file model39.txt (compact mmCIF, C-alpha atoms)
# COMPACT_ATOMS: atom_id res chain seq x y z
CA MET A 1 31.07 157.08 12.48
CA SER A 2 29.66 153.57 12.48
CA ARG A 3 25.94 153.14 13.03
CA PRO A 4 24.30 149.95 14.33
CA THR A 5 21.93 148.33 11.86
CA SER A 6 20.51 144.91 11.12
CA LEU A 7 20.60 142.37 8.33
CA ASN A 8 17.13 141.09 7.43
CA ILE A 9 17.26 138.27 4.90
CA VAL A 10 15.71 134.95 4.00
CA LEU A 11 18.62 132.55 4.45
CA ASN A 12 18.16 129.21 2.71
CA GLY A 13 14.40 129.63 3.00
CA VAL A 14 14.32 130.79 6.64
CA ALA A 15 13.78 134.42 7.68
CA LYS A 16 16.69 135.81 9.68
CA SER A 17 17.30 139.14 11.39
CA VAL A 18 20.76 139.82 12.74
CA PRO A 19 22.02 142.98 14.46
CA VAL A 20 25.31 144.30 13.09
CA ALA A 21 27.48 147.10 14.41
CA ASP A 22 28.08 148.72 11.04
CA GLY A 23 26.45 148.54 7.62
CA SER A 24 29.91 148.27 6.05
CA GLU A 25 30.53 144.87 7.65
CA PRO A 26 31.11 142.20 4.96
CA LEU A 27 28.21 139.84 4.42
CA LEU A 28 30.66 136.94 4.69
CA PHE A 29 31.53 137.77 8.29
CA VAL A 30 27.88 137.91 9.32
CA LEU A 31 27.07 134.65 7.56
CA ARG A 32 29.96 132.80 9.17
CA ASN A 33 30.17 134.42 12.60
CA LYS A 34 26.52 135.08 13.39
CA LEU A 35 24.53 132.72 11.16
CA ASP A 36 26.78 129.64 11.42
CA GLN A 37 27.27 129.21 7.67
CA ILE A 38 30.48 127.32 6.93
CA GLY A 39 30.05 126.89 3.17
CA PRO A 40 31.33 130.34 2.14
CA LYS A 41 35.02 130.63 2.99
CA ILE A 42 37.42 133.44 3.77
CA GLY A 43 39.97 133.52 0.96
CA CYS A 44 41.59 136.46 -0.81
CA GLY A 45 39.21 139.11 0.54
CA ALA A 46 39.42 140.94 -2.80
CA GLU A 47 36.82 139.18 -5.02
CA GLN A 48 39.60 137.36 -6.87
CA CYS A 49 39.16 133.70 -5.90
CA GLY A 50 35.45 133.00 -5.41
CA VAL A 51 35.50 130.86 -2.26
CA CYS A 52 33.15 133.31 -0.51
CA THR A 53 30.44 133.14 -3.20
CA VAL A 54 26.78 133.07 -2.16
CA LEU A 55 23.60 133.73 -4.12
CA VAL A 56 21.62 136.89 -3.41
CA ASN A 57 18.25 136.85 -5.13
CA GLY A 58 19.68 134.26 -7.52
CA ALA A 59 22.81 136.22 -8.47
CA ALA A 60 26.33 135.11 -7.54
CA VAL A 61 27.82 137.59 -5.07
CA ARG A 62 31.31 137.69 -3.61
CA SER A 63 30.33 138.03 0.03
CA CYS A 64 33.83 139.02 1.20
CA SER A 65 33.29 142.50 -0.23
CA ALA A 66 29.49 142.80 -0.29
CA GLU A 67 28.61 145.12 2.57
CA VAL A 68 25.63 144.28 4.76
CA GLY A 69 24.18 147.70 3.99
CA SER A 70 24.05 146.84 0.28
CA ILE A 71 21.85 143.78 0.78
CA PRO A 72 18.14 144.59 0.23
CA GLY A 73 15.82 143.87 3.12
CA GLY A 74 14.13 140.49 2.66
CA ALA A 75 16.68 139.37 0.08
CA HIS A 76 16.89 135.63 -0.52
CA VAL A 77 20.40 134.48 0.31
CA HIS A 78 21.47 130.94 -0.52
CA THR A 79 24.65 129.31 0.72
CA LEU A 80 26.20 125.91 0.12
CA ASP A 81 25.01 124.91 3.61
CA GLY A 82 21.39 125.00 2.45
CA LEU A 83 21.77 123.57 -1.04
CA ALA A 84 20.86 119.98 -0.19
CA GLU A 85 17.29 119.01 0.60
CA ASN A 86 16.84 118.72 4.36
CA LYS A 87 14.47 117.01 6.72
CA HIS A 88 14.52 117.80 10.43
CA GLY A 89 17.79 119.65 10.00
CA ARG A 90 19.57 116.75 8.30
CA PRO A 91 20.45 116.61 4.58
CA THR A 92 18.44 113.94 2.77
CA ARG A 93 19.31 114.60 -0.89
CA LEU A 94 22.22 116.43 -2.42
CA HIS A 95 21.78 119.00 -5.16
CA ALA A 96 22.76 117.86 -8.66
CA LEU A 97 25.93 120.01 -8.52
CA GLN A 98 27.00 118.53 -5.20
CA ARG A 99 26.48 115.00 -6.51
CA ALA A 100 28.34 115.77 -9.71
CA PHE A 101 31.37 117.16 -7.89
CA ILE A 102 31.51 114.00 -5.77
CA GLU A 103 30.98 111.65 -8.70
CA GLU A 104 33.64 113.38 -10.81
CA GLN A 105 36.03 113.72 -7.85
CA ALA A 106 36.23 117.39 -8.83
CA ALA A 107 38.43 118.55 -5.97
CA GLN A 108 41.66 117.83 -4.16
CA CYS A 109 41.68 120.05 -1.08
CA ALA A 110 38.07 121.15 -1.85
CA PHE A 111 38.64 124.68 -0.52
CA CYS A 112 37.37 126.09 -3.83
CA SER A 113 34.28 123.88 -3.96
CA ASN A 114 31.94 126.44 -2.42
CA GLY A 115 32.84 129.01 -5.05
CA MET A 116 32.74 126.53 -7.90
CA ILE A 117 29.36 125.08 -6.96
CA MET A 118 27.57 128.30 -6.04
CA SER A 119 28.93 130.23 -9.03
CA ALA A 120 28.04 127.34 -11.35
CA LEU A 121 24.52 127.20 -9.90
CA ALA A 122 23.90 130.86 -10.70
CA TRP A 123 25.45 130.43 -14.14
CA LEU A 124 23.46 127.33 -15.08
CA ASN A 125 20.22 128.85 -13.83
CA GLY A 126 21.00 131.98 -15.84
CA ARG A 127 21.53 129.89 -18.98
CA ALA A 128 18.20 128.15 -18.40
CA ALA A 129 16.45 131.50 -17.95
CA ARG A 130 17.83 132.54 -21.34
CA GLY A 131 16.48 129.35 -22.89
CA GLU A 132 19.87 127.65 -23.05
CA ARG A 133 19.08 124.24 -21.61
CA ASP A 134 21.69 122.26 -23.52
CA VAL A 135 24.77 120.85 -21.78
CA PRO A 136 27.47 123.53 -22.02
CA SER A 137 30.57 122.74 -24.05
CA ASP A 138 34.04 122.50 -22.56
CA GLU A 139 34.84 125.93 -23.99
CA GLU A 140 31.72 127.51 -22.47
CA VAL A 141 32.51 126.16 -19.01
CA LYS A 142 36.14 127.23 -19.26
CA ARG A 143 35.09 130.75 -20.27
CA PHE A 144 32.68 130.87 -17.33
CA LEU A 145 35.40 129.79 -14.90
CA SER A 146 37.66 132.47 -16.39
CA GLY A 147 35.08 135.15 -15.68
CA LYS A 148 34.13 135.59 -19.33
CA GLY A 149 30.92 135.19 -21.28
CA PRO A 150 27.24 135.70 -20.35
CA GLY A 151 26.48 135.27 -16.65
CA ALA A 152 30.10 134.97 -15.51
CA VAL A 153 30.91 137.04 -12.42
CA ALA A 154 34.68 136.83 -12.13
CA VAL A 155 37.45 134.27 -12.16
CA THR A 156 36.76 131.21 -9.98
CA LEU A 157 40.05 129.65 -8.96
CA CYS A 158 41.16 126.11 -8.10
CA ARG A 159 44.76 126.24 -6.94
CA CYS A 160 45.02 122.44 -6.97
CA GLY A 161 44.49 122.35 -10.73
CA ALA A 162 41.37 120.16 -10.76
CA HIS A 163 39.81 122.23 -13.54
CA LEU A 164 39.28 119.37 -16.02
CA ARG A 165 37.24 117.44 -13.49
CA ILE A 166 35.41 120.60 -12.48
CA VAL A 167 34.43 121.16 -16.12
CA ARG A 168 33.07 117.61 -16.31
CA ALA A 169 31.22 118.00 -13.02
CA ILE A 170 29.46 121.15 -14.20
CA GLN A 171 28.50 119.40 -17.44
CA ARG A 172 27.20 116.37 -15.56
CA ALA A 173 25.14 118.60 -13.25
CA ALA A 174 23.78 120.55 -16.22
CA LYS A 175 22.50 117.33 -17.73
CA ASP A 176 20.89 116.18 -14.47
CA MET A 177 19.34 119.60 -13.92
CA ARG A 178 18.00 119.63 -17.47
CA HIS A 179 16.17 116.35 -16.88
CA GLY A 180 14.98 117.01 -13.34
CA GLY A 181 14.42 120.76 -13.29
CA PHE A 182 16.93 123.48 -12.66
CA GLU A 183 16.45 123.46 -8.89
CA ARG A 184 17.48 119.92 -7.98
CA GLY A 185 17.87 117.56 -10.90
CA HIS A 186 18.16 113.81 -10.51
CA PRO A 187 20.87 111.23 -11.14
CA ASP A 188 21.18 110.16 -14.76
CA ASP A 189 23.14 107.03 -15.62
CA ASP A 190 23.30 107.92 -19.32
CA ASP A 191 26.17 110.40 -19.00
CA ASP A 192 27.07 110.88 -22.66
CA CYS A 193 27.67 114.65 -22.46
CA TYR A 194 31.45 114.16 -22.47
CA ASP A 195 33.92 111.51 -23.53
CA ASP A 196 35.22 108.98 -21.04
CA ASP A 197 38.92 109.86 -20.93
CA ARG A 198 39.00 110.62 -17.19
CA SER A 199 42.54 110.79 -15.88
CA GLY A 200 44.04 109.65 -12.60
CA PRO A 201 42.93 106.91 -10.22
CA PHE A 202 39.24 107.43 -11.03
CA LYS A 203 39.62 106.86 -14.78
CA GLY A 204 36.47 105.32 -16.23
CA GLY A 205 34.58 105.53 -12.94
CA ARG A 206 31.20 107.11 -12.33
call {"tool": "encode", "arguments": {"input": "model39.txt", "output": "structure tokens"}}
result
Amino acid sequence: MSRPTSLNIVLNGVAKSVPVADGSEPLLFVLRNKLDQIGPKIGCGAEQCGVCTVLVNGAAVRSCSAEVGSIPGGAHVHTLDGLAENKHGRPTRLHALQRAFIEEQAAQCAFCSNGMIMSALAWLNGRAARGERDVPSDEEVKRFLSGKGPGAVAVTLCRCGAHLRIVRAIQRAAKDMRHGGFERGHPDDDDDCYDDDRSGPFKGGR
């Protein structure tokens, strides 16, 4: 028998308390339907694609299967919606990962971008916490996206096949975050962390 409960979290820095009919309700549904978060998406519903990823106390969580009842009271939940710096409810400065994905054109349909960015944020912050502040190699990023290696949660999919640009975007963000701190980072014009063999219509562009 279902029992009414509530979700009490700090969402993107703001305390929120939301009544829910059942503690088994997926966190994703509450975030989207009751807290107006549109960053995390509804995808496979089985933790296999990553589009629903949010951070709970800094860890990447697949919110499609994370039950509300499993979220600790007062947990800090971060979504893509709150990643940029805001002033008076309007974004004023994008996070280094958001900028990098735009600069590298690391998407086609962009449906996977929430999962890629939020999973990468947790992964890069985890590397920094372990003292690994260097720009990750192509192989490291590919292993992370494949759900392998330290800090990887599960496979993060891009069905459009933009993985090469996604790898470059994560590397670019890692370099910016290294210079500007692992919360925001700042633009860095000296992007020498990868070679300049970009393919497609954006070849050679920043």
call {"tool": "atom_distance", "arguments": {"input": "model39.txt", "atom1": "atom CA of A:Leu145", "atom2": "atom CA of A:Ile166"}}
result
9.5 Å
call {"tool": "closest_residue", "arguments": {"input": "model39.txt", "among": "A:Thr156, A:Asn8, A:Gln171, A:Ser146", "to": "A:Val68", "atoms": "all atoms listed in the file"}}
result
A:Asn8
call {"tool": "closest_residue", "arguments": {"input": "model39.txt", "among": "A:Thr92, A:Asn12, A:Asn86, A:Gln108", "to": "A:Leu31", "atoms": "only C-alpha atoms"}}
result
A:Asn12
call {"tool": "residues_around", "arguments": {"input": "model39.txt", "residues": "A:Gln37", "least_positions_apart": "5", "cutoff": "9 Å", "atoms": "only C-alpha atoms", "output": "list in words"}}
result
Leu28, Val30, Leu31, Arg32, Thr79, Leu80, Asp81 and Gly82 of chain A
call {"tool": "closest_residue", "arguments": {"input": "model39.txt", "among": "A:Pro4, A:Pro19, A:Pro40, A:Pro91", "to": "A:Ser119", "atoms": "only C-alpha atoms"}}
result
A:Pro40
call {"tool": "closest_residue", "arguments": {"input": "model39.txt", "among": "A:Lys148, A:Ser113, A:Glu132, A:Ala106", "to": "A:Arg168", "atoms": "all atoms listed in the file"}}
result
A:Ala106
call {"tool": "closest_residue", "arguments": {"input": "model39.txt", "among": "A:Glu85, A:Asp36, A:Glu67, A:Asp134", "to": "A:Asp176", "atoms": "only C-alpha atoms"}}
result
A:Asp134
call {"tool": "closest_residue", "arguments": {"input": "model39.txt", "among": "A:Arg62, A:Arg3, A:His88, A:Arg178", "to": "A:Ala154", "atoms": "all atoms listed in the file"}}
result
A:Arg62
call {"tool": "atom_distance", "arguments": {"input": "model39.txt", "atom1": "atom CA of A:Gly74", "atom2": "atom CA of A:Gly58"}}
result
13.2 Å
call {"tool": "atom_distance", "arguments": {"input": "model39.txt", "atom1": "atom CA of A:Cys49", "atom2": "atom CA of A:Ala174"}}
result
22.7 Å
